[in-house]
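Novice: Following this line is protein_39.cif, made up of mmCIF, C-alpha atoms and all ligand atoms:
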```cif
data_entry
loop_
_atom_site.label_atom_id
_atom_site.label_comp_id
_atom_site.auth_asym_id
_atom_site.auth_seq_id
_atom_site.Cartn_x
_atom_site.Cartn_y
_atom_site.Cartn_z
CA MET J 1 114.19 -7.93 -57.57
CA LYS J 2 111.40 -5.45 -57.83
CA LYS J 3 109.88 -4.24 -54.60
CA LYS J 4 106.21 -4.98 -54.31
CA LYS J 5 104.28 -1.76 -54.33
CA LYS J 6 102.02 -1.39 -51.30
CA LYS J 7 98.37 -1.16 -52.22
CA PRO J 8 96.76 2.02 -50.81
CA LEU J 9 94.52 1.21 -47.84
CA THR J 10 90.78 1.09 -48.37
CA VAL J 11 88.58 3.16 -46.07
CA GLU J 12 87.62 0.02 -44.14
CA GLN J 13 91.26 -0.92 -43.67
CA LYS J 14 92.04 2.59 -42.52
CA ILE J 15 89.21 2.50 -40.02
CA LYS J 16 90.35 -0.90 -38.78
CA ARG J 17 93.87 0.38 -38.40
CA ARG J 18 92.69 3.45 -36.55
CA ASN J 19 90.57 1.30 -34.27
CA LEU J 20 93.62 -0.80 -33.51
CA ILE J 21 95.64 2.31 -32.77
CA SER J 22 92.87 3.71 -30.55
CA PHE J 23 92.67 0.40 -28.76
CA GLY J 24 96.41 0.35 -28.19
CA THR J 25 96.33 3.96 -27.06
CA PHE J 26 93.53 3.08 -24.69
CA PHE J 27 95.72 0.52 -22.95
CA VAL J 28 98.75 2.76 -22.81
CA LEU J 29 96.75 5.75 -21.56
CA GLY J 30 94.87 3.47 -19.18
CA GLY J 31 98.15 2.46 -17.61
CA ALA J 32 99.33 6.06 -17.53
CA GLY J 33 95.97 6.99 -16.04
CA PHE J 34 96.41 4.55 -13.17
CA GLY J 35 99.93 5.77 -12.51
CA GLY J 36 98.71 9.34 -12.80
CA TRP J 37 95.89 8.72 -10.38
CA LYS J 38 98.27 7.36 -7.75
CA TRP J 39 100.51 10.39 -8.33
CA LEU J 40 97.56 12.76 -8.12
CA THR J 41 96.00 11.35 -4.94
CA GLY J 42 99.43 11.37 -3.33
CA SER J 43 100.00 15.03 -4.18
CA PRO J 44 99.58 17.79 -1.60
CA LYS J 45 96.33 19.76 -1.40
CA GLU J 46 96.57 23.26 -2.77
CA ALA J 47 96.79 26.18 -0.34
CA PRO J 48 93.32 27.40 0.65
CA GLY J 49 92.27 30.50 -1.26
CA VAL J 50 89.65 31.34 -3.80
CA THR J 51 89.74 27.82 -5.11
CA ALA J 52 90.39 25.48 -2.22
CA GLY J 53 90.06 21.76 -1.87
CA ALA J 54 91.56 20.35 -5.05
CA GLN J 55 94.92 18.67 -5.21
CA LYS J 56 97.46 21.11 -6.65
CA PRO J 57 98.04 19.33 -9.94
CA LEU J 58 94.32 18.88 -10.38
CA ARG J 59 93.73 22.60 -10.01
CA ARG J 60 96.45 23.29 -12.49
CA ALA J 61 94.65 20.99 -14.89
CA LEU J 62 91.28 22.58 -14.17
CA ASN J 63 92.75 25.94 -15.00
CA SER J 64 93.69 24.79 -18.45
CA THR J 65 90.38 23.41 -19.57
CA GLU J 66 91.03 24.58 -23.06
CA LEU J 67 94.12 22.46 -23.31
CA PHE J 68 92.16 19.63 -21.75
CA PHE J 69 89.52 19.81 -24.44
CA LYS J 70 92.03 20.14 -27.22
CA LYS J 71 94.05 17.16 -26.05
CA ILE J 72 91.43 14.72 -24.91
CA PHE J 73 88.86 15.53 -27.51
CA SER J 74 91.04 16.28 -30.51
CA ASN J 75 89.36 13.15 -31.67
CA ASN J 76 90.19 12.73 -35.33
CA HIS J 77 88.53 9.37 -35.51
CA LEU J 78 85.62 10.66 -37.53
CA VAL J 79 82.56 8.89 -38.86
CA GLN J 80 82.23 9.04 -42.63
CA THR J 81 80.14 11.92 -43.96
CA TYR J 82 78.35 12.41 -47.29
CA PRO J 83 77.25 15.26 -49.54
CA LYS J 84 73.81 16.67 -48.77
CA SER J 85 72.50 15.31 -52.06
CA ARG J 86 72.85 11.79 -50.65
CA ALA J 87 70.59 12.46 -47.66
CA ALA J 88 67.22 10.70 -47.56
CA ARG J 89 64.24 12.98 -48.15
CA ARG J 90 61.88 10.61 -46.36
CA VAL J 91 63.57 9.97 -43.08
CA ARG J 92 62.70 6.77 -41.26
CA THR J 93 61.19 6.87 -37.81
CA ASN J 94 61.57 4.20 -35.20
CA SER J 95 60.33 3.81 -31.64
CA PHE J 96 58.60 6.63 -29.75
CA ILE J 97 59.19 5.96 -26.08
CA GLY J 98 59.02 9.18 -24.11
CA LEU J 99 57.31 11.08 -26.92
CA ARG J 100 53.71 10.28 -26.07
CA ASP J 101 53.04 12.42 -23.02
CA PRO J 102 49.72 14.16 -23.87
CA SER J 103 50.51 16.99 -21.46
CA PHE J 104 53.74 17.87 -23.28
CA LYS J 105 53.69 21.37 -24.75
CA LEU J 106 56.34 22.24 -27.31
CA GLU J 107 56.14 25.97 -26.46
CA GLU J 108 56.90 25.23 -22.84
CA TRP J 109 59.80 22.91 -23.50
CA ARG J 110 63.12 23.68 -21.84
CA LEU J 111 66.41 21.86 -21.61
CA SER J 112 67.43 21.33 -18.02
CA VAL J 113 71.16 20.96 -17.42
CA LEU J 114 71.94 19.23 -14.13
CA GLY J 115 75.06 18.95 -12.04
CA ASP J 116 75.73 17.36 -8.67
CA ASN J 117 73.55 19.84 -6.85
CA GLY J 118 70.64 20.08 -9.23
CA GLU J 119 69.88 22.41 -12.10
CA VAL J 120 72.59 24.71 -13.37
CA LEU J 121 70.84 25.87 -16.55
CA SER J 122 67.37 25.95 -18.01
CA LEU J 123 67.34 26.84 -21.71
CA CYS J 124 64.67 27.49 -24.28
CA ILE J 125 65.19 26.38 -27.86
CA ASP J 126 66.04 29.87 -29.12
CA GLU J 127 68.95 30.09 -26.72
CA ILE J 128 70.27 26.88 -28.24
CA LYS J 129 69.59 27.95 -31.82
CA ALA J 130 71.57 31.14 -31.19
CA LEU J 131 74.76 29.07 -30.96
CA PRO J 132 76.94 28.24 -33.99
CA LYS J 133 75.20 25.68 -36.19
CA THR J 134 76.86 22.47 -37.30
CA GLU J 135 75.48 20.19 -40.00
CA ILE J 136 76.16 16.55 -40.61
CA VAL J 137 75.15 14.05 -43.28
CA TYR J 138 76.01 10.52 -42.23
CA ASP J 139 74.76 6.96 -42.16
CA PHE J 140 72.40 6.58 -39.19
CA LYS J 141 72.38 2.97 -37.97
CA CYS J 142 69.72 1.23 -35.93
CA VAL J 143 70.53 -2.02 -34.11
CA GLU J 144 67.42 -3.50 -35.66
CA GLY J 145 69.31 -3.71 -38.91
CA TRP J 146 68.46 -0.67 -40.97
CA ASP J 147 70.55 2.34 -41.84
CA GLN J 148 69.94 5.51 -43.77
CA ILE J 149 71.97 8.52 -44.83
CA GLN J 150 70.45 11.47 -43.00
CA HIS J 151 71.01 15.20 -42.74
CA TRP J 152 70.89 16.81 -39.29
CA ALA J 153 71.86 20.19 -37.90
CA GLY J 154 72.23 21.72 -34.47
CA VAL J 155 74.86 22.75 -32.02
CA LYS J 156 77.93 20.66 -31.44
CA MET J 157 78.07 19.32 -27.91
CA LEU J 158 81.57 20.78 -27.61
CA ASP J 159 80.37 24.24 -28.66
CA PHE J 160 77.45 23.96 -26.26
CA ILE J 161 79.79 23.13 -23.36
CA GLN J 162 82.14 25.95 -24.18
CA HIS J 163 79.44 28.54 -24.74
CA PHE J 164 77.73 27.86 -21.42
CA LYS J 165 81.05 27.37 -19.60
CA LEU J 166 80.22 23.84 -18.52
CA GLU J 167 83.80 22.57 -18.80
CA GLU J 168 84.04 21.62 -15.16
CA LEU J 169 80.86 19.58 -15.34
CA ALA J 170 81.94 18.09 -18.62
CA ARG J 171 84.93 16.52 -16.89
CA ARG J 172 82.55 13.98 -15.34
CA ASN J 173 82.78 10.49 -16.81
CA TYR J 174 79.23 10.32 -18.10
CA VAL J 175 76.39 12.32 -19.53
CA GLY J 176 72.82 11.14 -18.98
CA LEU J 177 69.98 12.34 -21.18
CA GLU J 178 66.28 11.84 -20.52
CA THR J 179 63.03 12.72 -22.22
CA PRO J 180 60.89 15.33 -20.40
CA ASP J 181 58.62 12.55 -19.07
CA GLY J 182 61.60 10.41 -18.01
CA LYS J 183 60.35 7.39 -19.99
CA TYR J 184 63.38 7.11 -22.30
CA TYR J 185 66.88 7.69 -21.08
CA VAL J 186 70.43 7.05 -22.19
CA GLY J 187 73.86 7.12 -20.62
CA LEU J 188 76.88 8.21 -22.62
CA ASP J 189 80.57 7.91 -21.94
CA ARG J 190 82.31 11.28 -21.98
CA GLU J 191 84.45 10.67 -25.04
CA SER J 192 81.44 9.84 -27.18
CA ALA J 193 79.28 12.62 -25.77
CA PHE J 194 81.96 15.16 -26.68
CA HIS J 195 83.06 13.59 -29.90
CA PRO J 196 83.38 16.41 -32.46
CA GLN J 197 80.49 15.00 -34.51
CA THR J 198 78.04 14.74 -31.60
CA ILE J 199 75.33 17.39 -31.87
CA LEU J 200 72.23 18.58 -30.10
CA ALA J 201 70.08 18.67 -33.20
CA TYR J 202 67.09 20.91 -33.88
CA GLU J 203 66.89 20.54 -37.67
CA MET J 204 66.46 17.67 -40.08
CA ASN J 205 66.76 18.35 -43.82
CA ASP J 206 66.95 22.09 -43.08
CA GLN J 207 63.59 22.07 -41.25
CA PRO J 208 62.81 22.08 -37.53
CA ILE J 209 62.73 18.52 -36.23
CA THR J 210 59.22 17.09 -36.30
CA ASP J 211 57.53 15.45 -33.31
CA PRO J 212 58.16 11.81 -34.28
CA HIS J 213 61.85 12.60 -34.74
CA GLY J 214 62.11 14.22 -31.33
CA ALA J 215 61.07 17.87 -31.49
CA PRO J 216 62.39 20.27 -30.49
CA LEU J 217 65.85 18.90 -29.63
CA ARG J 218 67.38 15.47 -30.01
CA LEU J 219 70.79 13.92 -29.78
CA ILE J 220 72.70 12.99 -32.91
CA ILE J 221 75.67 10.91 -31.92
CA PRO J 222 77.15 9.30 -35.04
CA VAL J 223 79.63 7.12 -33.11
CA LYS J 224 76.69 5.24 -31.56
CA TYR J 225 73.79 3.13 -32.73
CA GLY J 226 70.36 4.73 -33.02
CA ILE J 227 69.26 3.67 -29.54
CA LYS J 228 71.61 6.24 -27.98
CA ASN J 229 70.31 9.08 -30.21
CA LEU J 230 67.71 10.23 -27.71
CA LYS J 231 64.74 12.09 -29.18
CA ARG J 232 63.22 15.06 -27.32
CA ILE J 233 65.88 15.77 -24.73
CA GLY J 234 64.39 17.11 -21.52
CA SER J 235 67.40 16.92 -19.24
CA MET J 236 71.14 16.51 -19.43
CA ARG J 237 72.98 15.38 -16.32
CA PHE J 238 76.73 15.10 -15.78
CA SER J 239 77.93 12.41 -13.41
CA ASP J 240 80.85 10.20 -12.55
CA THR J 241 78.68 7.14 -12.20
CA ARG J 242 76.84 5.49 -15.07
CA PRO J 243 73.48 7.14 -15.71
CA ARG J 244 70.54 4.81 -16.18
CA ASP J 245 70.04 3.61 -19.73
CA TYR J 246 66.75 2.31 -21.08
CA TRP J 247 68.08 -0.35 -23.44
CA ALA J 248 71.00 -1.36 -21.24
CA GLU J 249 68.33 -2.23 -18.64
CA GLN J 250 66.82 -4.52 -21.28
CA GLY J 251 70.13 -6.27 -21.80
CA TYR J 252 71.63 -4.26 -24.66
CA ASP J 253 75.25 -3.19 -24.63
CA TYR J 254 75.63 -0.06 -22.49
CA TYR J 255 78.29 1.34 -24.77
CA SER J 256 76.45 0.62 -28.05
CA GLY J 257 79.25 2.11 -30.10
CA LEU J 258 79.84 1.52 -33.78
N1 LIG B 301 62.80 9.41 -26.91
C1 LIG B 301 63.18 8.40 -27.69
N2 LIG B 301 64.32 8.50 -28.38
C2 LIG B 301 64.71 7.48 -29.17
C3 LIG B 301 63.96 6.29 -29.28
C4 LIG B 301 62.77 6.22 -28.53
O1 LIG B 301 62.02 5.23 -28.54
N3 LIG B 301 62.39 7.30 -27.76
N4 LIG B 301 64.38 5.27 -30.08
C5 LIG B 301 65.80 5.25 -30.47
C6 LIG B 301 66.04 4.35 -31.59
S1 LIG B 301 66.07 2.70 -31.26
C7 LIG B 301 66.35 4.80 -32.84
S2 LIG B 301 66.83 3.77 -34.07
C8 LIG B 301 66.23 6.24 -33.15
C9 LIG B 301 65.27 6.45 -34.29
O2 LIG B 301 65.20 7.80 -34.62
P1 LIG B 301 64.17 8.26 -35.73
O3 LIG B 301 62.79 7.90 -35.26
O4 LIG B 301 64.37 9.72 -35.90
O5 LIG B 301 64.52 7.46 -36.96
O6 LIG B 301 65.80 7.01 -32.07
C10 LIG B 301 66.30 6.62 -30.82
N5 LIG B 301 65.86 7.60 -29.86
MO MO B 302 67.02 1.70 -33.09
#
```
Show me this structure written as structure tokens.
Specialist:
Amino acid sequence: MKKKKKKPLTVEQKIKRRNLISFGTFFVLGGAGFGGWKWLTGSPKEAPGVTAGAQKPLRRALNSTELFFKKIFSNNHLVQTYPKSRAARRVRTNSFIGLRDPSFKLEEWRLSVLGDNGEVLSLCIDEIKALPKTEIVYDFKCVEGWDQIQHWAGVKMLDFIQHFKLEELARRNYVGLETPDGKYYVGLDRESAFHPQTILAYEMNDQPITDPHGAPLRLIIPVKYGIKNLKRIGSMRFSDTRPRDYWAEQGYDYYSGL
């Protein structure tokens, strides 16, 4: 009898399979995480010195942040990308909460990076543009039912973290972003915030981002629906508790992943 030849998987099937695998991994790692947590909290505190206070194994882990990033965020579950020629020339706009403050001055804009004890960095747009640039062309999806292939460019969140040595802060469970006026705000789980395709974008179709699209800096997070792609980022805060989230407060899914 002839063996039936297996049909090659379609992209959708592959994605489904990968989702299943991720889901399975999630449970396995979750279990390991719980065991690991019990092991960690039961471990002796390190000897006081330059870096006191952390449990020994934790310090060892903190010292190998590079490994940490490679392992936890070697996320190869990538969103589909397209050639630049497929990108829309007329990019849709949708919803402008937090973009209407008449006292906002583009020239005075700064990104405020916040940790547990307040501001750790205040950056102007040129300091961000000086970092390596990453481009992406992908299908932007709004929960309201439209999608469009768009071309964005900026600095990868991961590159941003590494450049400004924010690894310790980036170990927090969540990242919260808010507009300068605090009227629109989103909370992001760490894995999505540091997904390799997540970027702090300052260009759209090779031009600086325009006001309605969130000048001068917005989030492009392809693993999430549009609602999480905050326009005009004013502050970025790292925390272990869930940051407030505008649409989650209105009853939308906090995670809003694709
Ligand atoms: N500051 C701010 N960011 C925002 C929004 C908003 O109202 N205010 N709307 C979100 C929603 S629902 C979508 S779909 C996208 C739309 O981005 P666009 O206007 O560039 O298409 O921005 C997101 N980011
Ligand atoms: Mo949206």
Novice: Quick check, in Å to one decimal: how far apart do atom CA of Lys156 of chain J and atom CA of Leu200 of chain J lie?
Specialist: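 A separation of 6.2 Å between them.
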Novice: Give me, as a list in words, the set of residues whose atoms come within 10 Å of any atom of ligand MO 302 (chain B), counting all atoms listed in the file.
Specialist: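 Final answer, ordered by chain and number: Thr93, Asn94, Ser95, Phe140, Lys141, Cys142, Val143, Glu144, Gly145, Trp146, Asp147, Tyr225, Gly226, Ile227, Lys228, Asn229 and Trp247 of chain J.
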Novice: Name all residues at most 8 Å from Leu158 of chain J (count all atoms listed in the file; drop same-chain ones fewer than 2 positions away) and give them as a list in words.
Specialist: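 With the cut-off at 8 Å, the set is Lys156, Phe160, Ile161, Gln162, Phe194, His195 and Pro196 of chain J.
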Novice: What gap, in Å, lies between atom O3 of ligand LIG 301 (chain B) and atom CA of Asn173 of chain J?
Specialist: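 Atom-to-atom, atom O3 of ligand LIG 301 (chain B) to atom CA of Asn173 of chain J, that is 27.3 Å.
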Novice: If I put a ball of radius 9 Å at (69.5, 11.4, -22.5) in the file's coordinates, which residues poke into it when counting only C-alpha atoms, written as a ChimeraX atom specification?
Specialist: /J:175-179,184-188,218-219,228-237,243,245
Novice: Check the smallest atom-to-atom distance from each of J:Tyr138, J:Phe96, J:Phe238, J:Tyr82 to ligand LIG 301 (chain B) using all atoms listed in the file, then report the winner.
Specialist: J:Phe96
Novice: Which residue, J:Val155, J:Leu106, J:Ile97, J:Ile221, has the smallest gap to ligand LIG 301 (chain B) when you use all atoms listed in the file?
Specialist: J:Ile97
Novice: If I take atom O3 of ligand LIG 301 (chain B) and atom CA of Pro222 of chain J, how far is one from the other in Å, to one decimal?
Specialist: 14.4 Å
Novice: Counting only C-alpha atoms, figure out which residue out of J:Met204, J:Ala170, J:Met157, J:Leu114 gets nearest to Ile128 of chain J.
Specialist: J:Met157
Novice: Taking into account all atoms listed in the file, which residue in the set J:Asp116, J:Asp240, J:Glu191, J:Asp139 is nearest to ligand LIG 301 (chain B)?
Specialist: J:Asp139
Novice: Counting all atoms listed in the file, figure out which residue out of J:Leu131, J:Val91, J:Leu78, J:Ile199 gets nearest to ligand LIG 301 (chain B).
Specialist: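 Ranked by minimum distance to ligand LIG 301 (chain B), first place goes to J:Val91.
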Novice: Closest to ligand LIG 301 (chain B) among J:Lys224, J:His163, J:Arg92, J:Arg244, using all atoms listed in the file?
Specialist: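 Among J:Lys224, J:His163, J:Arg92, J:Arg244, it is J:Arg92 that comes nearest to ligand LIG 301 (chain B).
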